[in-house]
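**Student:** Following this line is start26.pdb, made up of PDB, C-alpha atoms:
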ATOM      1  CA  MET V   1       4.999   9.815   4.812
ATOM      2  CA  PHE V   2       3.158   7.462   2.448
ATOM      3  CA  ASP V   3       4.845   4.460   0.945
ATOM      4  CA  HIS V   4       1.816   3.552  -1.142
ATOM      5  CA  VAL V   5      -1.936   4.040  -1.347
ATOM      6  CA  VAL V   6      -4.180   1.303  -2.721
ATOM      7  CA  PHE V   7      -7.799   1.532  -3.783
ATOM      8  CA  ALA V   8     -10.170  -0.597  -5.801
ATOM      9  CA  VAL V   9     -12.169   0.454  -8.846
ATOM     10  CA  SER V  10     -15.248  -1.010 -10.496
ATOM     11  CA  ASP V  11     -13.927  -0.725 -14.088
ATOM     12  CA  TYR V  12     -10.224  -1.543 -14.029
ATOM     13  CA  ALA V  13      -9.556  -0.933 -17.745
ATOM     14  CA  ALA V  14     -11.241   2.485 -17.759
ATOM     15  CA  SER V  15      -9.561   3.547 -14.533
ATOM     16  CA  LYS V  16      -6.161   2.368 -15.737
ATOM     17  CA  GLU V  17      -6.519   4.345 -18.956
ATOM     18  CA  PHE V  18      -7.701   7.438 -17.057
ATOM     19  CA  PHE V  19      -4.950   7.485 -14.418
ATOM     20  CA  VAL V  20      -2.142   6.624 -16.858
ATOM     21  CA  LYS V  21      -3.160   9.452 -19.203
ATOM     22  CA  ALA V  22      -4.148  12.001 -16.562
ATOM     23  CA  LEU V  23      -1.010  11.580 -14.467
ATOM     24  CA  ALA V  24       1.475  11.374 -17.373
ATOM     25  CA  PRO V  25       1.949  15.184 -17.494
ATOM     26  CA  LEU V  26       2.978  14.993 -13.834
ATOM     27  CA  GLY V  27       5.734  12.509 -14.655
ATOM     28  CA  VAL V  28       3.850   9.500 -13.312
ATOM     29  CA  VAL V  29       4.448   6.203 -15.128
ATOM     30  CA  VAL V  30       3.426   2.554 -14.815
ATOM     31  CA  VAL V  31       6.090   0.833 -12.716
ATOM     32  CA  SER V  32       4.404  -2.567 -12.529
ATOM     33  CA  GLU V  33       1.261  -4.397 -13.484
ATOM     34  CA  GLY V  34       0.201  -7.880 -12.534
ATOM     35  CA  ARG V  35      -2.403  -9.982 -10.797
ATOM     36  CA  LEU V  36      -2.807  -7.344  -8.068
ATOM     37  CA  GLY V  37      -3.443  -4.513 -10.522
ATOM     38  CA  ILE V  38      -1.362  -1.541 -11.594
ATOM     39  CA  GLU V  39       1.234   0.496  -9.695
ATOM     40  CA  LEU V  40       1.950   4.089 -10.719
ATOM     41  CA  SER V  41       4.803   6.285  -9.547
ATOM     42  CA  HIS V  42       7.348   8.909 -10.497
ATOM     43  CA  ARG V  43      10.536   7.349 -11.820
ATOM     44  CA  ASN V  44      12.928   6.531  -8.957
ATOM     45  CA  SER V  45      10.278   7.390  -6.348
ATOM     46  CA  LYS V  46       9.534   5.186  -3.374
ATOM     47  CA  ALA V  47       5.880   6.297  -3.127
ATOM     48  CA  SER V  48       3.219   4.790  -5.368
ATOM     49  CA  LEU V  49      -0.478   4.648  -6.187
ATOM     50  CA  CYS V  50      -1.924   1.171  -6.707
ATOM     51  CA  ILE V  51      -5.230   0.501  -8.451
ATOM     52  CA  ARG V  52      -7.024  -2.827  -8.091
ATOM     53  CA  LEU V  53     -10.173  -4.329  -9.559
ATOM     54  CA  GLN V  54     -12.905  -4.170  -6.936
ATOM     55  CA  PRO V  55     -14.060  -7.756  -6.356
ATOM     56  CA  GLU V  56     -17.372  -6.851  -4.749
ATOM     57  CA  PRO V  57     -20.189  -4.444  -5.628
ATOM     58  CA  LYS V  58     -19.859  -2.575  -2.303
ATOM     59  CA  PRO V  59     -17.294   0.207  -1.831
ATOM     60  CA  SER V  60     -13.932  -1.095  -0.710
ATOM     61  CA  HIS V  61     -11.831   0.233   2.098
ATOM     62  CA  LEU V  62      -8.596   2.077   1.450
ATOM     63  CA  HIS V  63      -5.187   0.564   1.964
ATOM     64  CA  LEU V  64      -2.804   3.174   3.362
ATOM     65  CA  ALA V  65       0.846   2.212   3.740
ATOM     66  CA  PHE V  66       3.111   4.486   5.738
ATOM     67  CA  ALA V  67       6.868   4.444   5.180
ATOM     68  CA  ALA V  68       8.956   3.352   8.159
ATOM     69  CA  GLU V  69      12.678   3.973   8.421
ATOM     70  CA  SER V  70      13.394   0.737  10.292
ATOM     71  CA  ARG V  71      11.885  -2.582  11.219
ATOM     72  CA  GLY V  72      11.783  -1.341  14.802
ATOM     73  CA  GLN V  73       9.472   1.469  13.696
ATOM     74  CA  VAL V  74       7.193  -1.089  12.042
ATOM     75  CA  GLN V  75       7.022  -3.040  15.308
ATOM     76  CA  ALA V  76       6.389   0.142  17.325
ATOM     77  CA  PHE V  77       3.614   1.180  14.902
ATOM     78  CA  TYR V  78       1.951  -2.209  15.260
ATOM     79  CA  ARG V  79       2.004  -2.127  19.080
ATOM     80  CA  ALA V  80       0.800   1.501  19.213
ATOM     81  CA  ALA V  81      -1.997   0.855  16.705
ATOM     82  CA  LEU V  82      -3.281  -2.151  18.654
ATOM     83  CA  GLU V  83      -3.127  -0.160  21.892
ATOM     84  CA  ALA V  84      -5.117   2.592  20.160
ATOM     85  CA  GLY V  85      -7.903   0.144  19.323
ATOM     86  CA  ALA V  86      -6.962  -1.205  15.874
ATOM     87  CA  LYS V  87      -7.533  -4.846  14.959
ATOM     88  CA  ASP V  88      -4.662  -7.075  13.881
ATOM     89  CA  ASN V  89      -4.469  -7.699  10.132
ATOM     90  CA  GLY V  90      -0.940  -9.125   9.978
ATOM     91  CA  PRO V  91       1.827  -8.874  12.585
ATOM     92  CA  PRO V  92       5.275  -7.433  11.838
ATOM     93  CA  GLY V  93       7.260  -9.660   9.522
ATOM     94  CA  LEU V  94       8.835 -10.145   6.134
ATOM     95  CA  ARG V  95       6.527 -10.317   3.132
ATOM     96  CA  PRO V  96       8.833 -11.863   0.458
ATOM     97  CA  ILE V  97       5.950 -12.018  -2.020
ATOM     98  CA  TYR V  98       6.580  -8.274  -2.545
ATOM     99  CA  ASN V  99      10.386  -8.211  -2.224
ATOM    100  CA  GLU V 100      13.091  -9.769  -0.057
ATOM    101  CA  ASN V 101      13.285  -6.815   2.374
ATOM    102  CA  TYR V 102       9.566  -5.956   2.543
ATOM    103  CA  TYR V 103       8.992  -5.841   6.301
ATOM    104  CA  ALA V 104       5.497  -4.752   7.255
ATOM    105  CA  ALA V 105       2.668  -4.870   9.758
ATOM    106  CA  PHE V 106      -1.033  -4.437   9.026
ATOM    107  CA  VAL V 107      -3.961  -3.320  11.166
ATOM    108  CA  ILE V 108      -7.601  -2.481  10.548
ATOM    109  CA  GLY V 109      -8.402   1.057  11.679
ATOM    110  CA  PRO V 110     -11.640   2.344  13.223
ATOM    111  CA  ASP V 111     -13.376   2.784   9.843
ATOM    112  CA  GLY V 112     -12.264  -0.564   8.436
ATOM    113  CA  HIS V 113      -9.317   0.747   6.413
ATOM    114  CA  ASN V 114      -6.251  -1.472   6.073
ATOM    115  CA  ILE V 115      -3.372   0.525   7.587
ATOM    116  CA  GLU V 116       0.216  -0.627   7.053
ATOM    117  CA  ALA V 117       3.680   0.411   8.124
ATOM    118  CA  VAL V 118       6.427  -0.861   5.826
ATOM    119  CA  CYS V 119      10.218  -0.770   5.781
ATOM    120  CA  HIS V 120      12.122  -1.730   2.626
ATOM    121  CA  GLU V 121      15.547  -1.752   4.287
ATOM    122  CA  ALA V 122      17.524  -4.842   5.259
ATOM    123  CA  GLU V 123      17.516  -5.793   8.924
ATOM    124  CA  ASP V 124      19.198  -3.280  11.243
TER
END
Represent the structure contained in this file as structure tokens.

**Tutor:**
Amino acid sequence: MFDHVVFAVSDYAASKEFFVKALAPLGVVVVSEGRLGIELSHRNSKASLCIRLQPEPKPSHLHLAFAAESRGQVQAFYRAALEAGAKDNGPPGLRPIYNENYYAAFVIGPDGHNIEAVCHEAED
């Protein structure tokens, strides 16, 4: 269902330390860390939790990314979401900044959350 969930925190260092330690007994490890924050996951899992530094003092919206099995599903998600009242936040397309096969679409849902559908497979 989920590919990844992203949320921002007010104290990145404290939150990183907390989540790394608290989730270690569950087999969760740091899989990457960089300018966008930290990504945690089980080894060899496709799903991840991403923690970012909150740039503003107000609460940030969630970023929910749903796993799609094909690029066609990403396109169908995007059309259906817009028809359901979402606002465009990035049409279907490759996002090579993440990886060469990262094909995703982004919309803003009714409560302002960034909702994504993503496929990591090469073109059909």

**Student:** Using all atoms listed in the file, which of V:Leu82, V:Val74, V:Ser48, V:Asn89 sits nearest V:Val118?

**Tutor:**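 Smallest separation from V:Val118 among the options: V:Val74.
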
**Student:** Applying the PyMOL selection byres ((chain V and resi 47) around 6) to the file I just gave you, which residues come out? Please list them as a ChimeraX atom specification.

**Tutor:** /V:3-4,45-46,48

**Student:** Between atom CA of V:Asn114 and atom CA of V:Ala24, what distance in Å does the model show, to one decimal?

**Tutor:**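 Going from atom CA of V:Asn114 over to atom CA of V:Ala24 covers 27.8 Å.
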
**Student:** Figure out the distance between atom CA of V:Tyr98 and atom CA of V:Glu121, please, to one decimal in Å.

**Tutor:**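 Atom CA of V:Tyr98 lies at a distance of 13.0 Å from atom CA of V:Glu121.
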
**Student:** Expand the PyMOL selection byres ((chain V and resi 6) around 6) into the individual residues it matches in the shown file, reporting them as a VMD selection string.

**Tutor:** chain V and resid 5 7 50 to 51 63

**Student:** Neighbours of V:Glu39 within 6 Å (only C-alpha atoms; same-chain residues fewer than 6 positions away dropped), as a PyMOL selection string?

**Tutor:** chain V and resi 30-32+49-50

**Student:** Just checking: using all atoms listed in the file, which residue out of V:Pro110, V:Ser15, V:Gly90, V:Asn44 ends up closest to V:Gly27?

**Tutor:** V:Asn44

**Student:** Name the residues in contact with V:Leu26 at a cut-off of 10 Å, using only C-alpha atoms, excluding same-chain residues fewer than 5 positions from it; report them as a list of chain:residue names.

**Tutor:** V:Lys21, V:Ser41, V:His42

**Student:** Between V:Ile115, V:Ile97, V:Ala13, V:Ala8, which residue has the minimum interatomic distance to V:Ala65, considering only C-alpha atoms?

**Tutor:**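 Nearest to V:Ala65: V:Ile115.
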
**Student:** For a test of reading the model, state the distance in Å between atom CA of V:Val9 and atom CA of V:Pro55, rounded to one decimal.

**Tutor:**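 Distance between the two atoms: 8.8 Å.
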
**Student:** Can you list what the PyMOL selection byres ((chain V and resi 104) around 9) grabs from this structure, as an MDAnalysis selection string?

**Tutor:** chainID V and resid 68 71 74:75 90:95 102:103 105:106 116:120

**Student:** Determine the nearest neighbour of V:Arg52 from the options V:Asp88, V:Glu69, V:Asp11, V:Glu83, counting all atoms listed in the file.

**Tutor:** V:Asp11

**Student:** Near V:Arg35, within 10 Å and counting all atoms listed in the file, which residues show up once chain neighbours fewer than 2 positions away are dropped, as a VMD selection string?

**Tutor:** chain V and resid 33 37 to 38 52 to 53

**Student:** How big is the axis-aligned box, and where does its centre sit, when it encloses all atoms of stretch 17-32 of chain V listed in the file and has 6 Å added on every side, reported in Å to one decimal as lines of an AutoDock Vina configuration file?

**Tutor:**
center_x = -0.8
center_y = 6.3
center_z = -15.9
size_x = 25.8
size_y = 29.8
size_z = 18.7

**Student:** Out of V:Gly85, V:Val107, V:Asn99, V:Phe19, which residue has the shortest atom-to-atom distance to V:Phe66 when counting all atoms listed in the file?

**Tutor:**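 Between V:Gly85, V:Val107, V:Asn99, V:Phe19, the residue approaching V:Phe66 most closely is V:Val107.
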